[in-house]
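Quick look at start.txt (compact mmCIF, C-alpha atoms):
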```txt
# COMPACT_ATOMS: atom_id res chain seq x y z
CA MET A 1 59.87 71.34 244.26
CA PRO A 2 57.18 72.10 246.88
CA SER A 3 53.92 73.55 245.55
CA SER A 4 52.34 76.77 246.79
CA VAL A 5 49.90 74.73 248.87
CA ASP A 6 52.76 72.80 250.48
CA ASN A 7 54.64 76.02 251.21
CA GLY A 8 51.51 77.50 252.79
CA SER A 9 50.85 74.46 254.97
CA THR A 10 54.41 74.23 256.25
CA ALA A 11 54.61 78.00 256.82
CA ARG A 12 51.41 77.99 258.87
CA ARG A 13 52.55 75.03 260.97
CA ARG A 14 56.00 76.47 261.50
CA VAL A 15 54.67 79.87 262.59
CA ALA A 16 52.22 78.30 265.06
CA LYS A 17 54.89 76.03 266.52
CA ARG A 18 57.40 78.83 266.87
CA LEU A 19 55.28 81.73 268.17
CA LEU A 20 52.26 80.40 270.08
CA PRO A 21 54.07 78.54 272.91
CA PHE A 22 56.18 81.61 273.66
CA LEU A 23 53.20 84.01 273.54
CA PHE A 24 51.28 81.56 275.74
CA LEU A 25 54.12 81.71 278.28
CA LEU A 26 54.04 85.52 278.24
CA TYR A 27 50.29 85.53 278.93
CA VAL A 28 50.72 83.09 281.84
CA ALA A 29 53.22 85.55 283.33
CA ASN A 30 50.73 88.34 282.67
CA TYR A 31 47.94 86.68 284.63
CA LEU A 32 50.24 85.63 287.45
CA ASP A 33 51.26 89.25 288.00
CA ARG A 34 47.75 90.63 287.48
CA THR A 35 46.02 88.33 289.96
CA ASN A 36 48.69 87.42 292.54
CA ILE A 37 47.16 90.05 294.84
CA ALA A 38 44.26 87.61 295.39
CA TYR A 39 46.60 85.34 297.37
CA ALA A 40 48.98 88.01 298.60
CA THR A 41 46.13 89.66 300.47
CA LEU A 42 45.88 86.61 302.78
CA GLY A 43 49.17 87.80 304.26
CA MET A 44 49.18 91.52 303.59
CA LYS A 45 45.82 92.33 305.19
CA GLY A 46 47.33 92.08 308.64
CA ASP A 47 50.52 93.95 307.76
CA LEU A 48 48.82 96.84 305.97
CA GLY A 49 45.52 96.80 307.82
CA LEU A 50 43.50 96.18 304.67
CA THR A 51 39.72 95.95 304.94
CA ASP A 52 37.63 94.14 302.33
CA SER A 53 36.66 97.52 300.89
CA VAL A 54 40.29 98.62 300.53
CA PHE A 55 41.24 95.27 299.01
CA GLY A 56 38.37 95.47 296.51
CA THR A 57 39.49 98.95 295.46
CA ALA A 58 43.14 97.88 295.20
CA SER A 59 42.18 94.88 293.06
CA GLY A 60 39.91 96.84 290.76
CA ILE A 61 41.94 100.02 290.36
CA PHE A 62 44.25 98.00 288.12
CA PHE A 63 41.61 98.30 285.40
CA ILE A 64 41.47 102.09 285.54
CA GLY A 65 45.09 102.23 284.45
CA TYR A 66 44.50 99.30 282.12
CA LEU A 67 41.63 101.00 280.30
CA GLY A 68 43.45 104.13 279.21
CA LEU A 69 46.45 102.63 277.42
CA GLN A 70 45.02 99.60 275.57
CA ILE A 71 44.40 101.38 272.28
CA PRO A 72 47.76 103.27 272.25
CA GLY A 73 49.50 99.96 272.92
CA ALA A 74 47.82 98.28 269.96
CA LEU A 75 48.68 101.24 267.70
CA LEU A 76 52.33 101.10 268.74
CA VAL A 77 52.49 97.42 267.77
CA GLU A 78 51.06 98.26 264.36
CA ARG A 79 53.11 101.39 263.66
CA TRP A 80 56.32 100.90 265.64
CA SER A 81 57.49 97.45 266.66
CA ALA A 82 55.68 94.55 268.30
CA ARG A 83 58.93 93.07 269.55
CA ARG A 84 60.04 96.28 271.25
CA LEU A 85 56.60 97.20 272.61
CA LEU A 86 55.93 93.76 274.11
CA SER A 87 59.44 93.63 275.54
CA LEU A 88 59.10 97.06 277.13
CA THR A 89 55.67 96.14 278.50
CA LEU A 90 56.91 92.92 280.10
CA ILE A 91 59.96 94.52 281.69
CA THR A 92 57.93 97.44 283.03
CA TRP A 93 55.13 95.41 284.56
CA GLY A 94 57.62 92.89 285.98
CA ALA A 95 59.52 95.69 287.70
CA LEU A 96 56.29 97.23 289.04
CA THR A 97 55.14 93.84 290.36
CA ALA A 98 58.43 93.41 292.20
CA LEU A 99 58.23 96.96 293.57
CA THR A 100 54.76 96.24 294.97
CA ALA A 101 56.65 94.29 297.63
CA VAL A 102 57.76 97.54 299.27
CA VAL A 103 54.35 99.20 299.72
CA ARG A 104 53.54 100.21 303.30
CA THR A 105 50.11 101.83 303.09
CA PRO A 106 46.82 101.24 301.23
CA LEU A 107 47.42 104.43 299.22
CA GLN A 108 50.78 103.13 298.02
CA LEU A 109 49.09 99.85 297.08
CA TYR A 110 46.50 101.76 295.04
CA GLY A 111 49.28 103.55 293.19
CA ALA A 112 51.19 100.34 292.51
CA ARG A 113 48.11 98.58 291.16
CA PHE A 114 47.13 101.55 288.97
CA LEU A 115 50.61 101.72 287.44
CA LEU A 116 50.64 97.95 286.94
CA GLY A 117 47.38 98.19 285.00
CA ALA A 118 48.81 100.96 282.84
CA ALA A 119 51.96 98.92 282.20
CA GLU A 120 50.02 95.79 281.20
CA ALA A 121 47.44 97.63 279.10
CA GLY A 122 49.16 97.29 275.75
CA PHE A 123 49.95 93.60 276.08
CA PHE A 124 46.68 91.84 275.17
CA PRO A 125 45.63 94.11 272.27
CA GLY A 126 49.26 94.21 271.18
CA VAL A 127 49.43 90.45 270.91
CA ILE A 128 46.10 90.33 269.03
CA VAL A 129 47.50 92.79 266.49
CA TYR A 130 50.79 90.89 266.39
CA LEU A 131 48.95 87.64 265.57
CA SER A 132 47.31 89.38 262.62
CA HIS A 133 50.79 90.01 261.22
CA TRP A 134 51.56 86.28 261.19
CA PHE A 135 48.38 84.21 260.90
CA VAL A 136 46.13 84.14 257.86
CA LYS A 137 42.40 84.55 258.36
CA GLN A 138 41.51 80.85 258.71
CA ASP A 139 44.09 80.35 261.47
CA ARG A 140 43.61 83.52 263.47
CA ALA A 141 40.73 82.46 265.74
CA LYS A 142 42.45 79.19 266.66
CA ALA A 143 45.64 81.10 267.44
CA VAL A 144 43.78 83.49 269.74
CA ALA A 145 42.06 80.58 271.50
CA ARG A 146 45.37 78.80 272.13
CA PHE A 147 46.88 82.04 273.39
CA MET A 148 43.95 82.75 275.74
CA SER A 149 44.11 79.27 277.28
CA ALA A 150 46.89 80.78 279.38
CA ILE A 151 44.22 82.49 281.54
CA PRO A 152 43.06 79.39 283.45
CA ILE A 153 46.59 77.95 283.42
CA GLY A 154 47.78 81.12 285.16
CA PHE A 155 45.22 80.60 287.92
CA ILE A 156 45.88 76.86 288.20
CA ILE A 157 49.63 77.18 288.73
CA GLY A 158 49.47 80.56 290.46
CA GLY A 159 47.63 79.28 293.53
CA PRO A 160 50.11 76.57 294.61
CA ILE A 161 53.08 78.82 293.83
CA ALA A 162 51.59 81.61 295.93
CA GLY A 163 50.69 79.21 298.73
CA SER A 164 54.29 77.99 298.94
CA ILE A 165 55.85 81.44 298.90
CA LEU A 166 53.40 82.99 301.39
CA GLY A 167 54.58 80.54 304.02
CA VAL A 168 58.19 81.75 304.03
CA HIS A 169 59.72 84.45 306.23
CA TRP A 170 63.26 85.01 304.97
CA LEU A 171 65.60 87.80 306.10
CA GLY A 172 62.82 89.23 308.24
CA ILE A 173 60.64 89.78 305.14
CA THR A 174 57.12 88.35 305.10
CA GLY A 175 55.95 85.89 302.44
CA TRP A 176 53.59 88.20 300.56
CA ARG A 177 56.46 90.60 299.85
CA TRP A 178 58.57 87.71 298.51
CA LEU A 179 55.60 86.68 296.36
CA PHE A 180 55.56 90.02 294.54
CA MET A 181 59.34 90.04 294.15
CA PHE A 182 59.58 86.48 292.84
CA GLU A 183 56.64 86.77 290.45
CA GLY A 184 57.93 89.99 288.94
CA ILE A 185 61.23 88.39 287.89
CA PRO A 186 59.86 86.03 285.15
CA ALA A 187 58.20 88.92 283.33
CA ILE A 188 61.47 90.87 283.31
CA VAL A 189 63.44 87.87 282.02
CA LEU A 190 60.82 87.12 279.37
CA GLY A 191 60.83 90.77 278.37
CA PHE A 192 64.50 90.63 277.46
CA ALA A 193 64.01 87.25 275.78
CA THR A 194 61.25 88.76 273.63
CA LEU A 195 63.75 91.11 272.02
CA PHE A 196 65.68 88.14 270.67
CA PHE A 197 62.93 85.58 270.12
CA LEU A 198 60.03 87.44 268.49
CA PRO A 199 60.56 88.89 265.02
CA ASP A 200 58.22 91.73 264.14
CA ARG A 201 56.92 90.35 260.85
CA PRO A 202 57.37 87.32 258.57
CA GLU A 203 59.87 89.26 256.45
CA HIS A 204 62.28 89.09 259.42
CA ALA A 205 61.82 85.37 260.21
CA ARG A 206 65.07 83.59 259.39
CA TRP A 207 63.59 80.28 260.56
CA LEU A 208 61.16 80.29 257.59
CA ARG A 209 62.34 79.07 254.19
CA SER A 210 62.25 81.76 251.55
CA GLU A 211 59.35 80.03 249.75
CA GLU A 212 57.37 79.84 252.99
CA ARG A 213 58.14 83.45 253.81
CA ASP A 214 57.05 84.62 250.35
CA TRP A 215 53.78 82.66 250.58
CA LEU A 216 52.95 84.08 254.01
CA VAL A 217 53.87 87.67 253.13
CA GLY A 218 51.90 87.46 249.89
CA ASN A 219 48.74 86.05 251.42
CA LEU A 220 48.73 88.49 254.33
CA ALA A 221 49.21 91.37 251.88
CA GLN A 222 46.24 90.16 249.83
CA GLU A 223 44.07 90.06 252.94
CA ARG A 224 45.08 93.62 253.86
CA GLU A 225 44.30 94.88 250.37
CA ALA A 226 40.93 93.10 250.30
CA LYS A 227 39.78 94.69 253.55
CA ALA A 228 41.33 98.16 253.14
CA HIS A 229 38.19 99.63 251.56
CA ALA A 230 35.87 97.88 254.01
CA GLU A 231 37.78 99.30 256.98
CA LYS A 232 37.09 102.86 255.84
CA LEU A 233 33.41 102.06 255.59
CA THR A 234 32.95 100.13 258.82
CA LEU A 235 35.37 101.35 261.49
CA TRP A 236 33.23 104.10 262.98
CA ARG A 237 29.94 102.38 262.22
CA THR A 238 31.21 99.33 264.07
CA LEU A 239 31.33 101.26 267.35
CA ARG A 240 27.63 102.12 266.96
CA HIS A 241 26.51 98.67 265.81
CA PRO A 242 23.70 97.49 268.16
CA ALA A 243 25.23 94.03 268.55
CA VAL A 244 28.63 95.49 269.47
CA LEU A 245 27.03 97.65 272.14
CA ILE A 246 25.05 94.70 273.52
CA LEU A 247 28.13 92.45 273.61
CA THR A 248 30.09 95.20 275.34
CA ALA A 249 27.41 95.53 278.01
CA GLY A 250 27.23 91.75 278.36
CA LEU A 251 30.98 91.42 278.81
CA PHE A 252 30.96 94.30 281.31
CA PHE A 253 28.64 92.31 283.58
CA THR A 254 30.61 89.11 282.95
CA TYR A 255 33.84 90.84 283.95
CA SER A 256 32.14 92.47 286.96
CA GLY A 257 31.09 89.14 288.40
CA GLY A 258 34.10 87.20 287.16
CA TYR A 259 36.85 89.45 288.47
CA ALA A 260 35.02 89.88 291.77
CA PHE A 261 35.08 86.11 292.16
CA TRP A 262 38.66 85.68 290.89
CA PHE A 263 40.11 88.27 293.26
CA PHE A 264 38.06 87.35 296.33
CA GLU A 265 38.00 83.55 295.89
CA PRO A 266 41.00 82.84 298.19
CA THR A 267 39.68 85.24 300.85
CA MET A 268 36.18 83.79 300.73
CA LEU A 269 37.46 80.22 300.79
CA GLN A 270 39.68 80.83 303.81
CA ARG A 271 37.03 82.82 305.68
CA PHE A 272 34.33 80.19 305.18
CA THR A 273 36.52 77.15 305.93
CA GLY A 274 39.36 78.33 308.17
CA TRP A 275 41.82 76.40 306.02
CA THR A 276 45.52 77.28 305.79
CA VAL A 277 46.84 79.41 302.95
CA ARG A 278 48.51 76.38 301.36
CA HIS A 279 45.26 74.39 301.49
CA VAL A 280 43.29 77.27 300.00
CA SER A 281 45.83 77.67 297.18
CA TRP A 282 45.57 74.01 296.12
CA ILE A 283 41.77 74.10 296.21
CA GLY A 284 42.02 77.16 293.96
CA SER A 285 43.76 75.01 291.35
CA ILE A 286 40.79 72.63 291.38
CA VAL A 287 38.36 75.54 291.05
CA PHE A 288 40.07 77.00 288.01
CA GLY A 289 40.94 73.59 286.58
CA THR A 290 37.23 73.12 285.93
CA GLY A 291 37.32 76.40 284.02
CA LEU A 292 40.11 75.13 281.76
CA ILE A 293 38.28 71.86 281.07
CA GLY A 294 35.08 73.76 280.38
CA MET A 295 36.80 76.19 278.03
CA LEU A 296 38.31 73.36 275.97
CA LEU A 297 35.09 71.33 275.81
CA LEU A 298 32.73 74.21 275.10
CA GLY A 299 35.16 75.75 272.62
CA TRP A 300 35.20 72.45 270.71
CA SER A 301 31.41 72.12 270.94
CA SER A 302 30.82 75.70 269.81
CA ASP A 303 33.04 75.29 266.75
CA ARG A 304 31.47 71.92 265.90
CA THR A 305 27.88 73.17 266.11
CA GLY A 306 28.46 76.78 265.05
CA GLU A 307 26.35 77.93 268.03
CA ARG A 308 27.83 80.75 270.13
CA ARG A 309 25.21 82.47 272.32
CA TRP A 310 24.08 79.52 274.41
CA HIS A 311 27.68 78.36 274.71
CA PHE A 312 28.27 81.73 276.38
CA ALA A 313 25.08 81.81 278.45
CA ILE A 314 25.17 78.27 279.85
CA PRO A 315 28.47 78.76 281.76
CA GLN A 316 27.27 82.11 283.09
CA LEU A 317 23.94 80.68 284.23
CA THR A 318 25.72 77.67 285.71
CA ALA A 319 27.80 80.03 287.87
CA ALA A 320 24.68 81.94 288.91
CA VAL A 321 22.70 78.81 289.84
CA ALA A 322 25.68 77.28 291.67
CA LEU A 323 26.23 80.39 293.78
CA GLY A 324 22.51 80.55 294.46
CA ALA A 325 22.72 77.04 295.95
CA TRP A 326 24.70 78.54 298.84
CA PHE A 327 21.46 80.16 300.04
CA ILE A 328 19.45 76.93 299.79
CA PHE A 329 21.50 73.93 300.96
CA PRO A 330 23.11 73.30 304.37
CA HIS A 331 26.61 74.75 304.41
CA SER A 332 29.64 72.47 304.29
CA ASN A 333 33.20 72.69 303.01
CA ALA A 334 32.46 70.07 300.36
CA LEU A 335 29.47 72.07 299.09
CA LEU A 336 31.58 75.23 299.00
CA VAL A 337 34.30 73.59 296.89
CA LEU A 338 31.66 72.20 294.51
CA ILE A 339 29.97 75.59 294.19
CA PHE A 340 33.23 77.43 293.63
CA SER A 341 34.32 74.83 291.05
CA LEU A 342 31.11 75.40 289.09
CA VAL A 343 31.62 79.16 289.37
CA GLY A 344 35.20 78.68 288.12
CA PHE A 345 33.76 76.79 285.16
CA GLY A 346 31.24 79.53 284.48
CA THR A 347 33.69 82.43 284.65
CA ILE A 348 36.18 80.92 282.17
CA ALA A 349 34.45 78.43 279.86
CA TYR A 350 32.60 81.16 277.91
CA LEU A 351 35.74 82.71 276.42
CA PRO A 352 36.07 80.93 273.01
CA SER A 353 32.39 81.24 272.08
CA PHE A 354 32.16 84.89 273.14
CA TRP A 355 35.14 86.06 271.12
CA ALA A 356 33.84 84.22 268.07
CA LEU A 357 30.59 86.24 268.16
CA PRO A 358 31.75 89.51 266.51
CA SER A 359 32.62 87.69 263.29
CA GLU A 360 29.07 86.24 263.24
CA PHE A 361 27.55 89.59 262.30
CA LEU A 362 30.47 91.72 261.06
CA THR A 363 33.03 91.42 258.30
CA SER A 364 36.55 90.49 259.36
CA SER A 365 37.83 94.07 259.45
CA ALA A 366 34.89 95.34 261.46
CA ALA A 367 35.10 92.34 263.79
CA ALA A 368 38.72 93.16 264.59
CA ALA A 369 37.78 96.71 265.54
CA ALA A 370 34.85 95.38 267.59
CA VAL A 371 37.08 93.03 269.59
CA GLY A 372 39.33 95.90 270.66
CA PHE A 373 36.43 98.18 271.54
CA ILE A 374 34.49 95.50 273.45
CA ASN A 375 37.46 94.35 275.53
CA CYS A 376 38.67 97.87 276.27
CA THR A 377 35.28 99.22 277.35
CA ALA A 378 34.09 96.12 279.23
CA SER A 379 37.32 96.12 281.28
CA ILE A 380 35.66 98.76 283.47
CA GLY A 381 33.79 95.81 284.97
CA GLY A 382 37.11 94.62 286.37
CA PHE A 383 37.06 97.71 288.60
CA PHE A 384 33.34 97.77 289.34
CA GLY A 385 32.98 94.15 290.46
CA PRO A 386 35.79 93.85 293.03
CA LYS A 387 35.09 97.37 294.32
CA MET A 388 31.41 96.62 294.91
CA ILE A 389 32.05 93.21 296.49
CA GLY A 390 34.60 94.74 298.87
CA ASN A 391 32.23 97.53 299.86
CA LEU A 392 29.29 95.18 300.37
CA SER A 393 31.35 92.77 302.44
CA GLN A 394 32.73 95.60 304.55
CA SER A 395 29.33 97.16 305.24
CA SER A 396 27.41 93.95 305.87
CA GLY A 397 30.09 91.76 307.44
CA SER A 398 29.08 88.99 305.04
CA PHE A 399 29.63 87.94 301.43
CA ASN A 400 25.92 87.17 300.93
CA SER A 401 25.09 90.52 299.33
CA GLY A 402 28.19 90.18 297.15
CA PHE A 403 26.96 86.75 296.04
CA VAL A 404 23.63 88.28 295.04
CA LEU A 405 25.44 90.95 293.01
CA MET A 406 27.57 88.35 291.20
CA ILE A 407 24.50 86.22 290.44
CA ALA A 408 22.70 89.27 289.03
CA CYS A 409 25.72 90.16 286.85
CA TRP A 410 25.90 86.70 285.28
CA ILE A 411 22.15 86.53 284.63
CA ILE A 412 22.12 89.98 283.02
CA ALA A 413 25.16 89.08 280.89
CA SER A 414 23.46 85.89 279.68
CA VAL A 415 20.22 87.68 278.76
CA LEU A 416 22.07 90.42 276.88
CA VAL A 417 24.15 88.03 274.79
CA LEU A 418 21.16 85.79 274.04
CA LEU A 419 19.34 88.88 272.75
CA CYS A 420 22.28 89.95 270.59
CA PRO A 421 21.24 90.50 266.93
CA ARG A 422 22.17 87.70 264.56
CA GLU A 423 22.24 89.47 261.23
CA GLN A 424 25.34 89.49 259.02
CA GLY A 425 26.68 92.77 257.76
CA ASP A 426 28.42 96.01 258.64
CA ARG A 427 25.47 97.99 259.85
```
Could you express the structure from this file as structure tokens?
Amino acid sequence: MPSSVDNGSTARRRVAKRLLPFLFLLYVANYLDRTNIAYATLGMKGDLGLTDSVFGTASGIFFIGYLGLQIPGALLVERWSARRLLSLTLITWGALTALTAVVRTPLQLYGARFLLGAAEAGFFPGVIVYLSHWFVKQDRAKAVARFMSAIPIGFIIGGPIAGSILGVHWLGITGWRWLFMFEGIPAIVLGFATLFFLPDRPEHARWLRSEERDWLVGNLAQEREAKAHAEKLTLWRTLRHPAVLILTAGLFFTYSGGYAFWFFEPTMLQRFTGWTVRHVSWIGSIVFGTGLIGMLLLGWSSDRTGERRWHFAIPQLTAAVALGAWFIFPHSNALLVLIFSLVGFGTIAYLPSFWALPSEFLTSSAAAAAVGFINCTASIGGFFGPKMIGNLSQSSGSFNSGFVLMIACWIIASVLVLLCPREQGDR
């Protein structure tokens, strides 16, 4: 008869194997639909008469809608049903992505992007809460890291897909409209699949043996009981913790520079090189492929050494130095690809070490609250960065001032996180 340890080991493996690949696939769809405007704009600018300023606003306004509904989404997962909430979220944002294909004016595009942000808002915090229903404490960080690896994968595969679709002109409909329609469909399909594939809690998992289910339910219940008192003591104090405020400010600047680069990268690459959309899309895969490699290597290094702050700062400073090289060395397409690849590394590789930081100075319950607060508040940077880059490009006729702003954001973010307090506790 299997021991309790055996039941625990097999339950943990079975849960990871069953849930994480599917959740990873959902997050890939999420990032495809969130960022496909970066490539769609290469075709839609002419049709809609978009300026860089309008495009920056359209890209960033997503995060205004996104900000308001993150916390309600997480609460609905906890108090209602993760399976139903995630399914509804996927179907709604998939439909809104597809409907973006019919916009005719910049104002309509603003509205579509705002609603898309609102529709997607509950997904990320909802999944984080959902993982806490299934993974015991020692597995939770690894589960989040595997889930978040979908971010660079979404960029890597999204570019070539977008490049292929943008080149079509079927039934008198331009490629960028087909891009929105086609990329909205997977989210809708996955939304319906979620209803059948994701059980809400371990008690409902028929694919676990009864012994495995009992072990998992029991251990998760013990964790909840152990932290119930601590949550009452630390929840509100967490939001005022100096380190939480510093990390929030740091991530705000990281998001400001990062999303500005992510949304404008195809436009900048095409404008500097004159390459075709298809060529730009494949180079984009190289750019963000370096981010994936960096995330895996630095995540491993950070866990091995236990060091977090420099593992965050080094990618950010690498991006800043690389972009600064554009002002120093003679311009060439090869230099541009190298610079953008280093920036891609810097804007992605920091993720595992950053999200491990809250648990360095807070108890597990307070750290969970901090993660939600930091991500929700710092998301404002996703509006600020693209908006400012678009305005600066429009007013100056150049991306140089935008480059300076991105460099400043990454340097400020690095300094803030390096100065983050290191003490342990719930203060």
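Among the candidates A:Gly184, A:Gly258, A:Gly372, A:Pro21, the residue lying nearest to Val129 (chain A) is A:Gly372 (atoms considered: all atoms listed in the file).
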Polymer residues at most 6 Å from Gln394 (chain A), only C-alpha atoms, same-chain spacing of 3 or more positions, as a PyMOL selection string: chain A and resi 52-53+391+397
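In this structure, CA of Leu269 (chain A) sits 8.8 Å away from CA of Ile283 (chain A).
Separating CA of Ile348 (chain A) from CA of Gly294 (chain A) is a distance of 7.5 Å.
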Two-atom distance - CA of Leu357 (chain A), CA of Trp300 (chain A) (Å):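 Distance between the two atoms: 14.8 Å.
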Residue with smallest distance to His241 (chain A) - pool A:Leu109, A:Phe192, A:Ala205, A:Ala370, counting only C-alpha atoms: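 For His241 (chain A), the nearest of the candidates is A:Ala370.
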Rebuild N, CA and C atoms on region 79-95 of chain A, as a compact mmCIF listing (two decimals), in the coordinates of the input?
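As written to disk, selection-v5.txt reads:
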```
# COMPACT_ATOMS: atom_id res chain seq x y z
N ARG A 79 52.36 100.33 264.34
CA ARG A 79 53.11 101.39 263.66
C ARG A 79 54.57 101.46 264.06
N TRP A 80 54.93 100.83 265.18
CA TRP A 80 56.32 100.90 265.64
C TRP A 80 56.95 99.53 265.56
N SER A 81 56.85 98.76 266.62
CA SER A 81 57.49 97.45 266.66
C SER A 81 56.84 96.59 267.73
N ALA A 82 56.27 95.46 267.32
CA ALA A 82 55.68 94.55 268.30
C ALA A 82 56.73 94.01 269.26
N ARG A 83 57.86 93.65 268.73
CA ARG A 83 58.93 93.07 269.55
C ARG A 83 59.37 94.04 270.62
N ARG A 84 59.58 95.28 270.28
CA ARG A 84 60.04 96.28 271.25
C ARG A 84 58.93 96.65 272.24
N LEU A 85 57.70 96.82 271.73
CA LEU A 85 56.60 97.20 272.61
C LEU A 85 56.31 96.11 273.63
N LEU A 86 56.21 94.85 273.19
CA LEU A 86 55.93 93.76 274.11
C LEU A 86 57.07 93.58 275.11
N SER A 87 58.30 93.73 274.64
CA SER A 87 59.44 93.63 275.54
C SER A 87 59.40 94.72 276.61
N LEU A 88 59.17 95.95 276.18
CA LEU A 88 59.10 97.06 277.13
C LEU A 88 57.96 96.87 278.13
N THR A 89 56.82 96.37 277.64
CA THR A 89 55.67 96.14 278.50
C THR A 89 55.99 95.10 279.57
N LEU A 90 56.57 93.99 279.17
CA LEU A 90 56.91 92.92 280.10
C LEU A 90 57.89 93.39 281.17
N ILE A 91 58.94 94.06 280.74
CA ILE A 91 59.96 94.52 281.69
C ILE A 91 59.37 95.52 282.68
N THR A 92 58.52 96.42 282.17
CA THR A 92 57.93 97.44 283.03
C THR A 92 56.99 96.84 284.05
N TRP A 93 56.07 95.96 283.60
CA TRP A 93 55.13 95.41 284.56
C TRP A 93 55.82 94.44 285.52
N GLY A 94 56.87 93.75 285.07
CA GLY A 94 57.62 92.89 285.98
C GLY A 94 58.29 93.70 287.09
N ALA A 95 58.88 94.84 286.70
CA ALA A 95 59.52 95.69 287.70
C ALA A 95 58.49 96.26 288.68
```
